[in-house]
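As stored in run_28.pdb (PDB, C-alpha atoms, pLDDT in the B column):
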```pdb
ATOM      1  CA  MET A   1      16.104 142.733  -5.937  1.00 73.00           C
ATOM      2  CA  MET A   2      12.569 142.340  -7.281  1.00 76.00           C
ATOM      3  CA  ASN A   3      13.729 139.618  -9.648  1.00 80.00           C
ATOM      4  CA  TYR A   4      15.421 137.816  -6.784  1.00 77.00           C
ATOM      5  CA  LEU A   5      12.212 138.011  -4.709  1.00 74.00           C
ATOM      6  CA  LYS A   6      10.203 136.756  -7.692  1.00 77.00           C
ATOM      7  CA  GLU A   7      12.551 133.801  -8.003  1.00 78.00           C
ATOM      8  CA  GLN A   8      12.341 133.077  -4.269  1.00 79.00           C
ATOM      9  CA  TYR A   9       8.579 133.647  -4.100  1.00 83.00           C
ATOM     10  CA  LEU A  10       8.022 130.552  -1.947  1.00 78.00           C
ATOM     11  CA  ALA A  11      10.473 131.761   0.679  1.00 78.00           C
ATOM     12  CA  VAL A  12       8.811 135.183   0.608  1.00 82.00           C
ATOM     13  CA  ILE A  13       5.373 133.612   1.095  1.00 83.00           C
ATOM     14  CA  ILE A  14       6.708 131.542   4.018  1.00 76.00           C
ATOM     15  CA  VAL A  15       8.286 134.581   5.678  1.00 80.00           C
ATOM     16  CA  VAL A  16       5.143 136.685   5.187  1.00 85.00           C
ATOM     17  CA  LEU A  17       2.954 133.927   6.620  1.00 80.00           C
ATOM     18  CA  TRP A  18       5.317 133.404   9.519  1.00 76.00           C
ATOM     19  CA  LEU A  19       5.300 137.136  10.288  1.00 82.00           C
ATOM     20  CA  PHE A  20       1.513 137.216  10.025  1.00 85.00           C
ATOM     21  CA  PHE A  21       1.093 134.360  12.508  1.00 78.00           C
ATOM     22  CA  ALA A  22       3.756 135.765  14.821  1.00 76.00           C
ATOM     23  CA  LEU A  23       2.024 139.179  14.929  1.00 83.00           C
ATOM     24  CA  HIS A  24      -1.379 137.562  15.291  1.00 83.00           C
ATOM     25  CA  ASN A  25      -0.147 135.515  18.254  1.00 80.00           C
ATOM     26  CA  GLN A  26       1.468 138.578  19.798  1.00 82.00           C
ATOM     27  CA  GLN A  27      -1.802 140.490  19.568  1.00 87.00           C
ATOM     28  CA  LYS A  28      -3.763 137.548  20.965  1.00 86.00           C
ATOM     29  CA  THR A  29      -1.314 137.210  23.860  1.00 86.00           C
ATOM     30  CA  ALA A  30      -1.616 140.930  24.629  1.00 89.00           C
ATOM     31  CA  VAL A  31      -5.424 140.629  24.780  1.00 91.00           C
ATOM     32  CA  LEU A  32      -5.157 137.561  27.016  1.00 89.00           C
ATOM     33  CA  LEU A  33      -2.673 139.293  29.335  1.00 91.00           C
ATOM     34  CA  GLU A  34      -5.025 142.251  29.611  1.00 93.00           C
ATOM     35  CA  GLN A  35      -7.834 139.867  30.571  1.00 92.00           C
ATOM     36  CA  THR A  36      -5.548 138.323  33.198  1.00 92.00           C
ATOM     37  CA  LYS A  37      -4.754 141.749  34.664  1.00 94.00           C
ATOM     38  CA  LYS A  38      -8.469 142.578  34.809  1.00 95.00           C
ATOM     39  CA  LEU A  39      -9.199 139.308  36.620  1.00 94.00           C
ATOM     40  CA  GLU A  40      -6.307 139.890  39.034  1.00 94.00           C
ATOM     41  CA  ARG A  41      -7.708 143.343  39.847  1.00 96.00           C
ATOM     42  CA  GLU A  42     -11.098 141.777  40.536  1.00 95.00           C
ATOM     43  CA  ILE A  43      -9.448 139.160  42.769  1.00 95.00           C
ATOM     44  CA  LEU A  44      -7.760 141.979  44.722  1.00 96.00           C
ATOM     45  CA  VAL A  45     -11.146 143.649  45.249  1.00 96.00           C
ATOM     46  CA  LEU A  46     -12.615 140.321  46.382  1.00 95.00           C
ATOM     47  CA  ASN A  47      -9.687 139.775  48.754  1.00 95.00           C
ATOM     48  CA  GLU A  48     -10.382 143.177  50.270  1.00 96.00           C
ATOM     49  CA  LYS A  49     -14.030 142.191  50.730  1.00 95.00           C
ATOM     50  CA  ASP A  50     -12.915 138.915  52.268  1.00 95.00           C
ATOM     51  CA  HIS A  51     -10.683 140.743  54.774  1.00 96.00           C
ATOM     52  CA  GLU A  52     -13.574 143.054  55.616  1.00 95.00           C
ATOM     53  CA  SER A  53     -15.808 140.023  56.137  1.00 94.00           C
ATOM     54  CA  SER A  54     -13.196 138.408  58.416  1.00 95.00           C
ATOM     55  CA  ARG A  55     -12.977 141.637  60.396  1.00 96.00           C
ATOM     56  CA  ILE A  56     -16.764 141.709  60.861  1.00 96.00           C
ATOM     57  CA  ILE A  57     -16.763 138.041  61.934  1.00 95.00           C
ATOM     58  CA  ASP A  58     -14.010 138.789  64.480  1.00 96.00           C
ATOM     59  CA  SER A  59     -15.935 141.714  65.915  1.00 96.00           C
ATOM     60  CA  LEU A  60     -19.109 139.571  66.101  1.00 95.00           C
ATOM     61  CA  SER A  61     -17.118 136.902  67.966  1.00 95.00           C
ATOM     62  CA  ARG A  62     -15.933 139.548  70.421  1.00 96.00           C
ATOM     63  CA  VAL A  63     -19.534 140.694  70.907  1.00 95.00           C
ATOM     64  CA  ASP A  64     -20.489 137.073  71.638  1.00 95.00           C
ATOM     65  CA  THR A  65     -17.778 136.853  74.305  1.00 96.00           C
ATOM     66  CA  LEU A  66     -19.118 140.061  75.856  1.00 96.00           C
ATOM     67  CA  ILE A  67     -22.659 138.651  75.907  1.00 96.00           C
ATOM     68  CA  VAL A  68     -21.432 135.435  77.539  1.00 96.00           C
ATOM     69  CA  ASN A  69     -19.681 137.526  80.212  1.00 97.00           C
ATOM     70  CA  ARG A  70     -22.836 139.585  80.755  1.00 96.00           C
ATOM     71  CA  ILE A  71     -24.843 136.348  81.183  1.00 97.00           C
ATOM     72  CA  LYS A  72     -22.267 135.121  83.727  1.00 97.00           C
ATOM     73  CA  ILE A  73     -22.613 138.391  85.654  1.00 97.00           C
ATOM     74  CA  ILE A  74     -26.429 138.094  85.582  1.00 96.00           C
ATOM     75  CA  LYS A  75     -26.174 134.541  86.955  1.00 97.00           C
ATOM     76  CA  GLN A  76     -23.791 135.694  89.685  1.00 97.00           C
ATOM     77  CA  LYS A  77     -26.224 138.472  90.626  1.00 96.00           C
ATOM     78  CA  GLU A  78     -29.059 135.943  90.611  1.00 96.00           C
ATOM     79  CA  TYR A  79     -27.094 133.691  92.950  1.00 96.00           C
ATOM     80  CA  VAL A  80     -26.378 136.602  95.309  1.00 96.00           C
ATOM     81  CA  GLN A  81     -30.033 137.665  95.215  1.00 94.00           C
ATOM     82  CA  ILE A  82     -31.217 134.127  96.037  1.00 95.00           C
ATOM     83  CA  ARG A  83     -28.748 133.974  98.930  1.00 95.00           C
ATOM     84  CA  ILE A  84     -30.190 137.282 100.189  1.00 94.00           C
ATOM     85  CA  ILE A  85     -33.736 135.869  99.899  1.00 93.00           C
ATOM     86  CA  ASP A  86     -32.620 132.771 101.842  1.00 92.00           C
ATOM     87  CA  SER A  87     -31.257 134.932 104.657  1.00 93.00           C
ATOM     88  CA  LEU A  88     -34.115 137.441 104.758  1.00 91.00           C
ATOM     89  CA  PRO A  89     -36.073 137.627 107.974  1.00 93.00           C
ATOM     90  CA  VAL A  90     -39.843 137.200 107.788  1.00 92.00           C
ATOM     91  CA  SER A  91     -40.335 140.949 107.798  1.00 92.00           C
ATOM     92  CA  GLY A  92     -37.938 141.199 104.886  1.00 93.00           C
ATOM     93  CA  LEU A  93     -39.945 138.566 103.002  1.00 92.00           C
ATOM     94  CA  GLN A  94     -43.115 140.494 103.680  1.00 91.00           C
ATOM     95  CA  GLY A  95     -41.356 143.615 102.442  1.00 92.00           C
ATOM     96  CA  PHE A  96     -40.270 141.767  99.326  1.00 93.00           C
ATOM     97  CA  PHE A  97     -43.857 140.839  98.430  1.00 92.00           C
ATOM     98  CA  THR A  98     -45.180 144.267  99.364  1.00 91.00           C
ATOM     99  CA  ASP A  99     -42.577 145.981  97.154  1.00 92.00           C
ATOM    100  CA  ARG A 100     -43.222 143.593  94.320  1.00 90.00           C
ATOM    101  CA  TYR A 101     -47.027 143.758  94.441  1.00 88.00           C
ATOM    102  CA  PRO A 102     -47.881 147.139  95.982  1.00 87.00           C
ATOM    103  CA  GLU A 103     -51.538 147.585  96.919  1.00 76.00           C
ATOM    104  CA  LYS A 104     -53.199 150.346  94.972  1.00 67.00           C
TER     105      LYS A 104
ATOM    106  CA  MET B 105     -41.570 127.456 116.671  1.00 35.00           C
ATOM    107  CA  GLY B 106     -42.928 128.375 113.296  1.00 39.00           C
ATOM    108  CA  PHE B 107     -43.033 131.665 111.485  1.00 42.00           C
ATOM    109  CA  LYS B 108     -46.065 132.525 109.478  1.00 47.00           C
ATOM    110  CA  VAL B 109     -45.787 134.757 106.465  1.00 49.00           C
ATOM    111  CA  SER B 110     -48.874 135.958 104.769  1.00 50.00           C
ATOM    112  CA  SER B 111     -49.211 137.104 101.203  1.00 49.00           C
ATOM    113  CA  GLN B 112     -52.383 138.678 100.049  1.00 48.00           C
ATOM    114  CA  ILE B 113     -53.984 138.018  96.715  1.00 45.00           C
ATOM    115  CA  VAL B 114     -56.513 140.696  96.068  1.00 45.00           C
ATOM    116  CA  THR B 115     -59.354 139.875  93.766  1.00 47.00           C
ATOM    117  CA  GLN B 116     -62.023 142.210  92.503  1.00 50.00           C
ATOM    118  CA  LYS B 117     -64.885 140.201  93.969  1.00 55.00           C
ATOM    119  CA  ASN B 118     -63.625 139.764  97.483  1.00 59.00           C
ATOM    120  CA  ASP B 119     -60.469 140.342  99.470  1.00 68.00           C
ATOM    121  CA  SER B 120     -59.362 136.735  99.888  1.00 78.00           C
ATOM    122  CA  ILE B 121     -56.256 136.218 101.953  1.00 81.00           C
ATOM    123  CA  VAL B 122     -53.896 133.350 101.145  1.00 82.00           C
ATOM    124  CA  THR B 123     -51.562 132.411 103.922  1.00 86.00           C
ATOM    125  CA  LEU B 124     -48.189 130.926 102.979  1.00 86.00           C
ATOM    126  CA  SER B 125     -45.738 129.225 105.246  1.00 90.00           C
ATOM    127  CA  GLU B 126     -42.308 130.893 105.547  1.00 91.00           C
ATOM    128  CA  ASN B 127     -40.720 128.066 103.586  1.00 92.00           C
ATOM    129  CA  VAL B 128     -43.220 128.341 100.708  1.00 93.00           C
ATOM    130  CA  ALA B 129     -43.000 132.148 100.736  1.00 93.00           C
ATOM    131  CA  ARG B 130     -39.202 131.912 100.492  1.00 93.00           C
ATOM    132  CA  LYS B 131     -39.506 129.474  97.569  1.00 94.00           C
ATOM    133  CA  VAL B 132     -41.992 131.763  95.823  1.00 95.00           C
ATOM    134  CA  ALA B 133     -39.654 134.724  96.332  1.00 95.00           C
ATOM    135  CA  THR B 134     -36.708 132.668  95.012  1.00 95.00           C
ATOM    136  CA  ASP B 135     -38.730 131.638  91.941  1.00 96.00           C
ATOM    137  CA  LEU B 136     -39.701 135.246  91.319  1.00 96.00           C
ATOM    138  CA  VAL B 137     -36.053 136.326  91.525  1.00 95.00           C
ATOM    139  CA  ARG B 138     -35.090 133.494  89.183  1.00 96.00           C
ATOM    140  CA  TYR B 139     -37.869 134.569  86.815  1.00 96.00           C
ATOM    141  CA  ASP B 140     -36.611 138.183  86.792  1.00 95.00           C
ATOM    142  CA  PHE B 141     -33.064 137.128  86.042  1.00 96.00           C
ATOM    143  CA  ALA B 142     -34.227 134.528  83.477  1.00 97.00           C
ATOM    144  CA  LYS B 143     -35.958 137.360  81.587  1.00 97.00           C
ATOM    145  CA  ASN B 144     -32.677 139.258  81.507  1.00 96.00           C
ATOM    146  CA  ILE B 145     -30.796 136.163  80.363  1.00 97.00           C
ATOM    147  CA  ILE B 146     -33.370 135.561  77.601  1.00 97.00           C
ATOM    148  CA  LYS B 147     -32.834 139.150  76.421  1.00 97.00           C
ATOM    149  CA  GLU B 148     -29.072 138.539  76.278  1.00 97.00           C
ATOM    150  CA  GLN B 149     -29.576 135.194  74.521  1.00 97.00           C
ATOM    151  CA  GLU B 150     -31.788 136.886  71.929  1.00 97.00           C
ATOM    152  CA  VAL B 151     -28.991 139.364  71.250  1.00 96.00           C
ATOM    153  CA  ARG B 152     -26.615 136.397  71.032  1.00 96.00           C
ATOM    154  CA  ILE B 153     -28.866 134.600  68.510  1.00 97.00           C
ATOM    155  CA  LYS B 154     -29.045 137.753  66.393  1.00 97.00           C
ATOM    156  CA  ASN B 155     -25.292 137.967  66.622  1.00 96.00           C
ATOM    157  CA  TYR B 156     -24.998 134.338  65.439  1.00 96.00           C
ATOM    158  CA  GLN B 157     -27.365 135.047  62.553  1.00 97.00           C
ATOM    159  CA  ASN B 158     -25.238 138.000  61.482  1.00 96.00           C
ATOM    160  CA  LYS B 159     -22.157 135.852  61.802  1.00 96.00           C
ATOM    161  CA  GLU B 160     -23.730 133.145  59.645  1.00 97.00           C
ATOM    162  CA  LEU B 161     -24.560 135.752  56.990  1.00 96.00           C
ATOM    163  CA  GLU B 162     -20.970 136.962  57.040  1.00 96.00           C
ATOM    164  CA  PHE B 163     -19.681 133.400  56.709  1.00 96.00           C
ATOM    165  CA  LYS B 164     -21.973 132.855  53.721  1.00 97.00           C
ATOM    166  CA  ASN B 165     -20.744 136.118  52.245  1.00 95.00           C
ATOM    167  CA  LYS B 166     -17.157 135.003  52.805  1.00 96.00           C
ATOM    168  CA  LEU B 167     -17.895 131.662  51.149  1.00 96.00           C
ATOM    169  CA  ASP B 168     -19.379 133.425  48.100  1.00 96.00           C
ATOM    170  CA  ILE B 169     -16.294 135.639  47.890  1.00 96.00           C
ATOM    171  CA  LYS B 170     -13.982 132.603  48.073  1.00 96.00           C
ATOM    172  CA  ASP B 171     -16.034 130.878  45.354  1.00 97.00           C
ATOM    173  CA  SER B 172     -15.713 133.941  43.127  1.00 96.00           C
ATOM    174  CA  ILE B 173     -11.949 134.096  43.756  1.00 96.00           C
ATOM    175  CA  ILE B 174     -11.632 130.418  42.792  1.00 96.00           C
ATOM    176  CA  THR B 175     -13.644 131.021  39.607  1.00 96.00           C
ATOM    177  CA  TYR B 176     -11.481 134.020  38.664  1.00 95.00           C
ATOM    178  CA  GLN B 177      -8.307 132.079  39.386  1.00 95.00           C
ATOM    179  CA  LYS B 178      -9.545 129.229  37.212  1.00 96.00           C
ATOM    180  CA  SER B 179     -10.150 131.752  34.424  1.00 95.00           C
ATOM    181  CA  ILE B 180      -6.608 133.089  34.880  1.00 94.00           C
ATOM    182  CA  ILE B 181      -5.226 129.543  34.668  1.00 95.00           C
ATOM    183  CA  ASP B 182      -7.198 128.961  31.451  1.00 93.00           C
ATOM    184  CA  ILE B 183      -5.871 132.198  29.967  1.00 91.00           C
ATOM    185  CA  HIS B 184      -2.320 131.271  30.916  1.00 90.00           C
ATOM    186  CA  LYS B 185      -2.839 127.881  29.289  1.00 89.00           C
ATOM    187  CA  ASP B 186      -3.959 129.674  26.112  1.00 85.00           C
ATOM    188  CA  ILE B 187      -0.906 131.931  26.248  1.00 84.00           C
ATOM    189  CA  ILE B 188       1.409 128.959  26.724  1.00 82.00           C
ATOM    190  CA  LYS B 189      -0.322 127.181  23.854  1.00 77.00           C
ATOM    191  CA  SER B 190       0.042 130.177  21.540  1.00 73.00           C
ATOM    192  CA  LYS B 191       3.663 130.684  22.581  1.00 70.00           C
ATOM    193  CA  LYS B 192       4.526 127.035  22.224  1.00 66.00           C
ATOM    194  CA  ALA B 193       7.929 126.704  20.638  1.00 64.00           C
ATOM    195  CA  PHE B 194       8.143 124.968  17.311  1.00 73.00           C
ATOM    196  CA  GLU B 195       8.984 121.287  17.110  1.00 79.00           C
ATOM    197  CA  ILE B 196      11.393 119.669  14.697  1.00 82.00           C
ATOM    198  CA  HIS B 197      10.451 116.329  13.202  1.00 90.00           C
ATOM    199  CA  GLY B 198      11.891 114.080  10.591  1.00 93.00           C
ATOM    200  CA  TYR B 199       9.853 111.711   8.471  1.00 95.00           C
ATOM    201  CA  ALA B 200      10.690 108.968   6.022  1.00 96.00           C
ATOM    202  CA  GLY B 201       8.076 107.417   3.783  1.00 95.00           C
ATOM    203  CA  VAL B 202       7.076 105.952   0.517  1.00 93.00           C
ATOM    204  CA  GLN B 203       4.493 107.197  -1.928  1.00 91.00           C
ATOM    205  CA  SER B 204       2.945 105.063  -4.608  1.00 90.00           C
ATOM    206  CA  THR B 205       2.036 106.138  -8.104  1.00 85.00           C
ATOM    207  CA  GLN B 206      -1.716 105.662  -8.078  1.00 85.00           C
ATOM    208  CA  PHE B 207      -2.524 102.297  -6.435  1.00 86.00           C
ATOM    209  CA  THR B 208       0.351 100.371  -8.011  1.00 86.00           C
ATOM    210  CA  LEU B 209       3.823  99.377  -6.905  1.00 83.00           C
ATOM    211  CA  ARG B 210       5.366 100.814 -10.041  1.00 85.00           C
ATOM    212  CA  GLU B 211       7.930 103.540  -9.558  1.00 85.00           C
ATOM    213  CA  PRO B 212       7.276 104.306  -5.877  1.00 90.00           C
ATOM    214  CA  THR B 213       8.753 107.512  -4.510  1.00 92.00           C
ATOM    215  CA  LEU B 214      10.915 107.225  -1.415  1.00 94.00           C
ATOM    216  CA  TYR B 215      11.194 110.447   0.499  1.00 95.00           C
ATOM    217  CA  THR B 216      12.434 111.964   3.711  1.00 96.00           C
ATOM    218  CA  ASN B 217      10.985 115.129   5.195  1.00 95.00           C
ATOM    219  CA  PHE B 218      12.614 117.508   7.602  1.00 90.00           C
ATOM    220  CA  MET B 219       9.867 119.637   9.190  1.00 91.00           C
ATOM    221  CA  ILE B 220       9.741 122.592  11.552  1.00 85.00           C
ATOM    222  CA  GLU B 221       6.239 122.449  13.019  1.00 86.00           C
ATOM    223  CA  PHE B 222       4.503 125.458  14.520  1.00 80.00           C
ATOM    224  CA  THR B 223       1.068 125.439  16.126  1.00 76.00           C
ATOM    225  CA  ARG B 224      -0.795 126.347  12.981  1.00 78.00           C
ATOM    226  CA  PHE B 225       1.580 125.519  10.203  1.00 82.00           C
ATOM    227  CA  SER B 226       4.694 123.543   9.340  1.00 88.00           C
ATOM    228  CA  VAL B 227       7.550 124.329   7.070  1.00 85.00           C
ATOM    229  CA  GLY B 228      10.263 121.970   5.895  1.00 89.00           C
ATOM    230  CA  ALA B 229      12.179 120.360   3.104  1.00 90.00           C
ATOM    231  CA  GLN B 230      11.759 117.085   1.285  1.00 94.00           C
ATOM    232  CA  TYR B 231      14.279 114.900  -0.488  1.00 94.00           C
ATOM    233  CA  PHE B 232      12.884 112.191  -2.716  1.00 94.00           C
ATOM    234  CA  VAL B 233      14.173 109.409  -4.931  1.00 94.00           C
ATOM    235  CA  GLN B 234      12.259 107.553  -7.598  1.00 88.00           C
ATOM    236  CA  PRO B 235      13.344 104.669  -9.821  1.00 87.00           C
ATOM    237  CA  ASN B 236      14.122 105.728 -13.396  1.00 85.00           C
ATOM    238  CA  ASN B 237      14.012 109.402 -12.360  1.00 87.00           C
ATOM    239  CA  PRO B 238      16.676 111.671 -10.944  1.00 90.00           C
ATOM    240  CA  PRO B 239      16.383 112.452  -7.211  1.00 91.00           C
ATOM    241  CA  GLY B 240      14.973 115.807  -6.230  1.00 90.00           C
ATOM    242  CA  TYR B 241      14.173 118.057  -3.334  1.00 90.00           C
ATOM    243  CA  GLY B 242      11.687 120.762  -2.510  1.00 89.00           C
ATOM    244  CA  VAL B 243      10.168 122.962   0.147  1.00 87.00           C
ATOM    245  CA  ILE B 244       7.044 121.901   2.048  1.00 90.00           C
ATOM    246  CA  LEU B 245       4.579 124.367   3.521  1.00 88.00           C
ATOM    247  CA  GLU B 246       1.646 122.895   5.396  1.00 90.00           C
ATOM    248  CA  TYR B 247      -1.266 124.596   7.128  1.00 89.00           C
ATOM    249  CA  ASN B 248      -2.896 122.749   9.985  1.00 86.00           C
ATOM    250  CA  LEU B 249      -6.544 122.452   8.918  1.00 88.00           C
ATOM    251  CA  PHE B 250      -7.811 120.354  11.832  1.00 83.00           C
TER     252      PHE B 250
END
```
So, in terms of structure tokens, how does the structure I just supplied come out?
Amino acid sequence: MMNYLKEQYLAVIIVVLWLFFALHNQQKTAVLLEQTKKLEREILVLNEKDHESSRIIDSLSRVDTLIVNRIKIIKQKEYVQIRIIDSLPVSGLQGFFTDRYPEK
Amino acid sequence: MGFKVSSQIVTQKNDSIVTLSENVARKVATDLVRYDFAKNIIKEQEVRIKNYQNKELEFKNKLDIKDSIITYQKSIIDIHKDIIKSKKAFEIHGYAGVQSTQFTLREPTLYTNFMIEFTRFSVGAQYFVQPNNPPGYGVILEYNLF
């Protein structure tokens, strides 16, 4: 057996080299795959953060709608108040100023 | 027939009385009401601006997150490219050529190579013929230096 291997030393060298490169590549691939998994985990975390950010933006948009509605209500109240002022009798107007600027 | 409405403006020096017509008094009252409600609207608008600022911050945050995701995905693509490169299947090539003896045309060697080429190295066999010499064959092992 040993004599046969000595005779076929070139083939042995080729096989050994081939095995060496194959194992080296396998190891390198495993390291690269591990890096990929790590990056994918980080992307998942970032996606979670992105969803959270979207949720916050949605809630802020809802708050904006509420504020717009509140402003509409204020304007409606203003309109009603002005109509009341327009229909106030003189005594009512006097009362308005007296209430607003009471004499000390 | 005209109504007279009086509004008093009290000063510290003397008690001056300013008389306003009903029409002017009504306009003043309307302006005051508008002023009161405008203050409330400004308060709401300030809240709205703050809300917009927060929203802008969140959008910026979202943009940063998306940028990071793109960067990570690019890295993953690069890694996959490396993996594909390292796992690239071998290629089989055949070559035929002539090799001179020094820089002369005397006794050139004609050869054909059959090569299995991997990323880093190639292995194959060569068959050669040479005038005045018997043909021969051998094994070729090449390492890719650059």
Item to check | Hits from the ChimeraX specification (/A :<8) & /B, listed as a VMD selection string | outcome: chain B and resid 107 to 111 126 129 to 130 133 to 134 137 to 138 141 144 to 145 148 to 149 151 to 152 155 to 156 158 to 159 162 to 163 165 to 166 169 to 170 172 to 173 176 to 177 179 to 180 183 to 184 187 190 to 191 227 245
Next on the checklist: Suppose a student applies the PyMOL selection byres ((chain B and resi 233-241) around 9) to this structure; what residues should they get, written as a PyMOL selection string?
Outcome noted: chain B and resi 210-215+229-232+242-243
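If you look at atom CA of B:Ser226 and atom CA of B:Ile188, they are 18.5 Å away from each other.
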Next on the checklist: As an exercise, work out the distance from atom CA of B:Lys189 to atom CA of B:Asp171 in Å and give it to one decimal place.
Outcome noted: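 Interatomic distance here is 26.9 Å.
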Item to check | atom CA of A:Asp99 to atom CA of B:Tyr139, straight-line distance in Å | outcome: 16.1 Å
Emit as lines of an AutoDock Vina configuration file the padded axis-aligned box for all listed atoms of stretch 36-49 of chain A, 4 Å per side, with centre and edge lengths in Å to one decimal.
```
center_x = -9.4
center_y = 141.0
center_z = 42.0
size_x = 17.3
size_y = 13.3
size_z = 25.5
```
Checklist entry - If I put a ball of radius 12 Å at (-7.3, 119.4, 10.5) in the file's coordinates, which residues poke into it when counting all atoms listed in the file, written as a list in words? => result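 The distance filter leaves exactly Thr223, Arg224, Phe225, Glu246, Tyr247, Asn248, Leu249 and Phe250 of chain B.
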Checklist entry - Of the candidates B:Val122, B:Leu161, B:Ile181, B:Glu221, which one gets nearest to B:Gly198 if we count all atoms listed in the file? => result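 Looking only at the distances to B:Gly198, the closest residue turns out to be B:Glu221.
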